[in-house]
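Engineer: Next up, query.cif (mmCIF, C-alpha atoms).
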data_protein
#
loop_
_atom_site.label_atom_id
_atom_site.label_comp_id
_atom_site.auth_asym_id
_atom_site.auth_seq_id
_atom_site.Cartn_x
_atom_site.Cartn_y
_atom_site.Cartn_z
CA MET A 7 95.96 112.57 73.34
CA ASN A 8 96.90 115.24 75.90
CA GLN A 9 98.72 114.37 79.13
CA ASN A 10 95.61 114.60 81.35
CA SER A 11 93.58 112.21 79.24
CA ARG A 12 96.59 109.88 79.03
CA VAL A 13 96.81 109.77 82.85
CA THR A 14 93.05 109.17 83.08
CA THR A 15 93.25 106.37 80.52
CA VAL A 16 96.21 104.72 82.26
CA ARG A 17 94.46 104.93 85.63
CA PHE A 18 91.22 103.48 84.25
CA ALA A 19 93.14 100.66 82.57
CA THR A 20 95.20 100.02 85.71
CA VAL A 21 92.10 99.91 87.94
CA SER A 22 90.48 97.44 85.53
CA ILE A 23 93.58 95.25 85.44
CA MET A 24 93.94 95.31 89.23
CA CYS A 25 90.27 94.31 89.63
CA ALA A 26 90.80 91.40 87.25
CA ILE A 27 94.03 90.29 88.96
CA SER A 28 92.35 90.43 92.37
CA CYS A 29 89.47 88.23 91.18
CA ILE A 30 91.83 85.77 89.51
CA LEU A 31 93.96 85.53 92.66
CA VAL A 32 90.94 84.70 94.82
CA LEU A 33 90.08 81.88 92.40
CA ILE A 34 93.52 80.31 92.11
CA ILE A 35 95.14 80.92 95.51
CA THR A 36 92.90 80.21 98.47
CA ILE A 37 94.52 78.47 101.43
CA PRO A 38 92.66 77.29 104.54
CA PHE A 39 94.11 78.80 107.71
CA PRO A 40 95.81 75.91 109.56
CA LEU A 41 94.45 76.75 113.02
CA PHE A 42 90.89 77.32 111.81
CA PRO A 43 90.24 75.84 108.32
CA ALA A 44 86.92 77.69 107.89
CA PHE A 45 89.00 80.87 107.45
CA ARG A 46 90.62 81.14 104.00
CA TYR A 47 93.72 83.13 103.12
CA ASP A 48 93.91 84.72 99.67
CA LEU A 49 96.01 87.34 97.91
CA ALA A 50 93.06 89.34 96.54
CA ASP A 51 93.91 92.43 98.61
CA VAL A 52 97.43 92.83 97.18
CA PRO A 53 96.30 94.45 93.88
CA ILE A 54 93.92 96.63 95.90
CA MET A 55 96.79 97.82 98.11
CA ILE A 56 98.99 98.47 95.07
CA THR A 57 96.21 100.58 93.50
CA THR A 58 95.83 102.49 96.78
CA PHE A 59 99.53 103.28 97.01
CA ALA A 60 99.74 104.23 93.32
CA PHE A 61 96.65 106.46 93.08
CA GLY A 62 95.34 107.07 96.61
CA PRO A 63 92.61 105.75 98.90
CA VAL A 64 89.67 106.80 96.68
CA TYR A 65 90.91 104.52 93.90
CA GLY A 66 91.64 101.79 96.45
CA VAL A 67 88.09 101.94 97.82
CA ALA A 68 86.67 101.89 94.28
CA VAL A 69 88.66 98.74 93.46
CA THR A 70 87.59 97.23 96.80
CA VAL A 71 83.91 97.75 96.04
CA ILE A 72 84.16 96.47 92.44
CA VAL A 73 86.17 93.40 93.46
CA SER A 74 83.86 92.70 96.42
CA LEU A 75 80.80 92.81 94.15
CA ILE A 76 82.38 90.43 91.65
CA GLN A 77 83.72 88.05 94.30
CA ALA A 78 80.50 87.95 96.34
CA PHE A 79 77.86 87.82 93.63
CA ILE A 80 79.56 86.46 90.51
CA LEU A 81 82.29 84.20 91.90
CA GLY A 82 80.16 82.96 94.81
CA GLN A 83 82.41 84.07 97.67
CA ASP A 84 79.95 84.23 100.61
CA GLY A 85 77.27 86.48 99.05
CA LEU A 86 76.08 89.54 100.94
CA MET A 87 78.02 88.64 104.10
CA GLY A 88 81.27 88.28 102.13
CA PHE A 89 80.57 91.54 100.30
CA CYS A 90 80.00 93.48 103.54
CA MET A 91 83.02 91.98 105.29
CA HIS A 92 85.33 92.62 102.34
CA VAL A 93 84.15 96.18 101.68
CA PHE A 94 84.36 97.28 105.32
CA ALA A 95 87.54 95.43 106.31
CA THR A 96 89.59 96.05 103.16
CA GLY A 97 88.05 99.51 102.88
CA ALA A 98 89.30 100.32 106.40
CA PHE A 99 92.75 99.02 105.45
CA VAL A 100 92.82 101.02 102.22
CA ILE A 101 91.65 104.27 103.77
CA SER A 102 93.98 104.12 106.78
CA SER A 103 97.10 102.99 104.93
CA GLY A 104 96.36 105.11 101.88
CA LEU A 105 95.98 108.31 103.89
CA VAL A 106 99.25 107.68 105.71
CA TYR A 107 101.23 106.76 102.59
CA ARG A 108 100.01 109.53 100.28
CA HIS A 109 101.52 112.27 102.45
CA ARG A 110 105.06 110.90 102.25
CA LYS A 111 105.84 108.24 99.70
CA THR A 112 108.95 106.69 101.24
CA LYS A 113 109.82 103.10 102.11
CA LYS A 114 109.69 103.92 105.81
CA ASN A 115 106.27 105.53 105.47
CA ALA A 116 105.07 102.56 103.39
CA VAL A 117 105.98 100.23 106.26
CA ILE A 118 104.20 102.49 108.76
CA ALA A 119 101.13 102.71 106.50
CA LEU A 120 100.99 98.93 106.01
CA VAL A 121 101.36 98.25 109.74
CA ILE A 122 98.58 100.74 110.54
CA GLY A 123 96.39 99.21 107.82
CA THR A 124 97.03 95.71 109.16
CA ILE A 125 96.03 96.72 112.69
CA VAL A 126 92.94 98.65 111.52
CA MET A 127 91.77 95.77 109.31
CA THR A 128 92.32 93.21 112.09
CA LEU A 129 90.32 95.25 114.59
CA MET A 130 87.62 95.98 112.01
CA MET A 131 87.18 92.25 111.34
CA CYS A 132 86.68 91.59 115.06
CA VAL A 133 83.94 94.23 115.24
CA LEU A 134 82.34 93.05 111.98
CA ASN A 135 82.27 89.44 113.12
CA LEU A 136 80.70 90.42 116.45
CA VAL A 137 78.01 92.42 114.66
CA LEU A 138 77.39 90.47 111.44
CA ASP A 139 77.86 86.80 112.39
CA PRO A 140 74.77 86.80 114.63
CA ILE A 141 72.76 88.53 111.88
CA PHE A 142 73.89 86.46 108.87
CA TYR A 143 74.70 83.11 110.49
CA GLY A 144 72.47 83.20 113.56
CA MET A 145 75.48 82.60 115.80
CA PRO A 146 75.08 83.53 119.46
CA ARG A 147 77.26 86.51 120.33
CA LYS A 148 79.01 84.42 123.01
CA ALA A 149 80.06 81.90 120.34
CA VAL A 150 81.49 84.74 118.22
CA GLN A 151 83.29 86.16 121.25
CA ALA A 152 84.92 82.76 121.80
CA LEU A 153 86.28 82.97 118.23
CA ILE A 154 87.83 86.42 118.67
CA PRO A 155 91.37 85.06 119.31
CA ALA A 156 91.20 83.03 116.07
CA ILE A 157 89.70 85.99 114.19
CA LEU A 158 92.49 88.26 115.48
CA LEU A 159 95.25 85.81 114.60
CA PHE A 160 93.87 85.00 111.15
CA ASN A 161 93.22 88.59 110.09
CA PHE A 162 96.50 89.87 111.48
CA SER A 163 98.31 87.08 109.58
CA LYS A 164 96.37 87.64 106.35
CA ALA A 165 96.76 91.42 106.34
CA GLY A 166 100.39 91.11 107.43
CA ILE A 167 101.31 88.66 104.66
CA ASN A 168 99.47 90.74 102.06
CA SER A 169 101.22 93.87 103.36
CA LEU A 170 104.62 92.20 103.10
CA ILE A 171 103.93 91.06 99.53
CA THR A 172 102.68 94.55 98.63
CA PHE A 173 105.81 96.12 100.12
CA LEU A 174 108.08 93.74 98.19
CA ILE A 175 106.47 94.25 94.75
CA TYR A 176 104.91 97.72 94.88
CA LYS A 177 107.88 99.74 93.61
CA ARG A 178 108.33 97.57 90.49
CA VAL A 179 104.62 97.72 89.65
CA SER A 180 104.45 101.42 90.46
CA ASN A 181 107.33 102.17 88.10
CA LEU A 182 105.44 100.47 85.26
CA ILE A 183 102.22 102.33 86.02
CA HIS A 184 103.80 105.76 86.33
CA ARG A 185 106.04 105.22 83.31
CA ALA A 186 102.89 104.54 81.27
CA GLU A 187 101.33 107.76 82.59
CA LEU A 188 104.35 109.82 81.57
CA LYS A 189 105.08 108.17 78.23
CA PRO A 190 105.18 110.85 75.54
CA THR A 191 102.43 110.65 73.01
CA ASN A 192 102.73 110.77 69.27
CA SER A 193 100.65 113.90 68.68
CA GLY A 194 98.61 112.33 65.92
CA LYS A 195 101.25 112.66 63.21
CA ARG A 196 101.63 109.82 60.75
CA LYS A 197 105.01 108.43 59.97
#
Give the structure from this file in structure tokens form.

Structural biologist:
Amino acid sequence: MNQNSRVTTVRFATVSIMCAISCILVLIITIPFPLFPAFRYDLADVPIMITTFAFGPVYGVAVTVIVSLIQAFILGQDGLMGFCMHVFATGAFVISSGLVYRHRKTKKNAVIALVIGTIVMTLMMCVLNLVLDPIFYGMPRKAVQALIPAILLFNFSKAGINSLITFLIYKRVSNLIHRAELKPTNSGKRK
């Protein structure tokens, strides 16, 4: 196996594993938000963020879409509405933070990227709720507007906690991923 196909294989395997971990996390760790129990916190975005930092925003968006499909339509996490919200909100996080981080992969830049991603995702969720809640749930726009403070607080908390966890574990996971990419191959010779 040449080095390019090894990297491709490791990336494909890593993306698959991160999708699986994300789906498992949403099943086993879902916590109602104390101030508004209808909102649920989960860790599903952490593997997506790790994939984004390791391979870039294109891989992060791909994992986001795959995970969103599985969560929404196989695991029963809010159907089409959940799919749209997850793809657009996490996608906005992944693209914004991934673009910032890929240019300079330092701890300081990781913090900046995660803060930007947290803000972008929080704002995106406000817009998405204002647009999609009336369509999917039939909620009057005024009722959604009254929820904006709770939506802001919840999404800022969720993205912030997931960013902190990503920051704390990314380097260890990244070292494993990139070590697997660089591992020398046995060029087909038998021992």

Engineer: One number please: CA of Ala19 in chain A to CA of Ala50 in chain A, in Å, one decimal.

Structural biologist: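 So the answer is 18.0 Å.
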
Engineer: With all atoms listed in the file as the counted atoms, please give the residues lying no more than 9 Å from Ser28 in chain A, apart from itself and same-chain residues fewer than 3 positions off, as a JSON list (two decimals) with C-alpha atoms, keeping the file's coordinate frame.

Structural biologist:
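For reference, result.json as written:
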[["chain", "number", "residue", "atom", "x", "y", "z"],
["A", 23, "ILE", "CA", 93.58, 95.25, 85.44],
["A", 24, "MET", "CA", 93.94, 95.31, 89.23],
["A", 25, "CYS", "CA", 90.27, 94.31, 89.63],
["A", 31, "LEU", "CA", 93.96, 85.53, 92.66],
["A", 32, "VAL", "CA", 90.94, 84.70, 94.82],
["A", 33, "LEU", "CA", 90.08, 81.88, 92.40],
["A", 49, "LEU", "CA", 96.01, 87.34, 97.91],
["A", 50, "ALA", "CA", 93.06, 89.34, 96.54],
["A", 51, "ASP", "CA", 93.91, 92.43, 98.61],
["A", 52, "VAL", "CA", 97.43, 92.83, 97.18],
["A", 53, "PRO", "CA", 96.30, 94.45, 93.88],
["A", 54, "ILE", "CA", 93.92, 96.63, 95.90],
["A", 73, "VAL", "CA", 86.17, 93.40, 93.46]]

Engineer: What is the distance between CA of Val137 in chain A and CA of Phe160 in chain A, in Å to one decimal?

Structural biologist: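 Those two atoms sit 17.9 Å apart.
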
Engineer: Convert the output of the PyMOL selection byres ((chain A and resi 58) around 12) on the shown file into explicit residues, formatted as an MDAnalysis selection string.

Structural biologist: chainID A and resid 17 20:21 24 51:57 59:70 96:108 111 116 119:120 123 172 176 180

Engineer: Just C-alpha atoms for this one: save the residues we selected as a short mmCIF file (atom, residue, chain, number, x, y, z; two decimals), keeping the file's coordinate frame.

Structural biologist:
data_model
loop_
_atom_site.label_atom_id
_atom_site.label_comp_id
_atom_site.auth_asym_id
_atom_site.auth_seq_id
_atom_site.Cartn_x
_atom_site.Cartn_y
_atom_site.Cartn_z
CA ARG A 17 94.46 104.93 85.63
CA THR A 20 95.20 100.02 85.71
CA VAL A 21 92.10 99.91 87.94
CA MET A 24 93.94 95.31 89.23
CA ASP A 51 93.91 92.43 98.61
CA VAL A 52 97.43 92.83 97.18
CA PRO A 53 96.30 94.45 93.88
CA ILE A 54 93.92 96.63 95.90
CA MET A 55 96.79 97.82 98.11
CA ILE A 56 98.99 98.47 95.07
CA THR A 57 96.21 100.58 93.50
CA PHE A 59 99.53 103.28 97.01
CA ALA A 60 99.74 104.23 93.32
CA PHE A 61 96.65 106.46 93.08
CA GLY A 62 95.34 107.07 96.61
CA PRO A 63 92.61 105.75 98.90
CA VAL A 64 89.67 106.80 96.68
CA TYR A 65 90.91 104.52 93.90
CA GLY A 66 91.64 101.79 96.45
CA VAL A 67 88.09 101.94 97.82
CA ALA A 68 86.67 101.89 94.28
CA VAL A 69 88.66 98.74 93.46
CA THR A 70 87.59 97.23 96.80
CA THR A 96 89.59 96.05 103.16
CA GLY A 97 88.05 99.51 102.88
CA ALA A 98 89.30 100.32 106.40
CA PHE A 99 92.75 99.02 105.45
CA VAL A 100 92.82 101.02 102.22
CA ILE A 101 91.65 104.27 103.77
CA SER A 102 93.98 104.12 106.78
CA SER A 103 97.10 102.99 104.93
CA GLY A 104 96.36 105.11 101.88
CA LEU A 105 95.98 108.31 103.89
CA VAL A 106 99.25 107.68 105.71
CA TYR A 107 101.23 106.76 102.59
CA ARG A 108 100.01 109.53 100.28
CA LYS A 111 105.84 108.24 99.70
CA ALA A 116 105.07 102.56 103.39
CA ALA A 119 101.13 102.71 106.50
CA LEU A 120 100.99 98.93 106.01
CA GLY A 123 96.39 99.21 107.82
CA THR A 172 102.68 94.55 98.63
CA TYR A 176 104.91 97.72 94.88
CA SER A 180 104.45 101.42 90.46
#

Engineer: Choose the residue, out of A:His92, A:Arg178, A:His109, A:Lys148, that has the smallest atom-to-atom separation from Asp48 in chain A; count all atoms listed in the file.

Structural biologist: A:His92
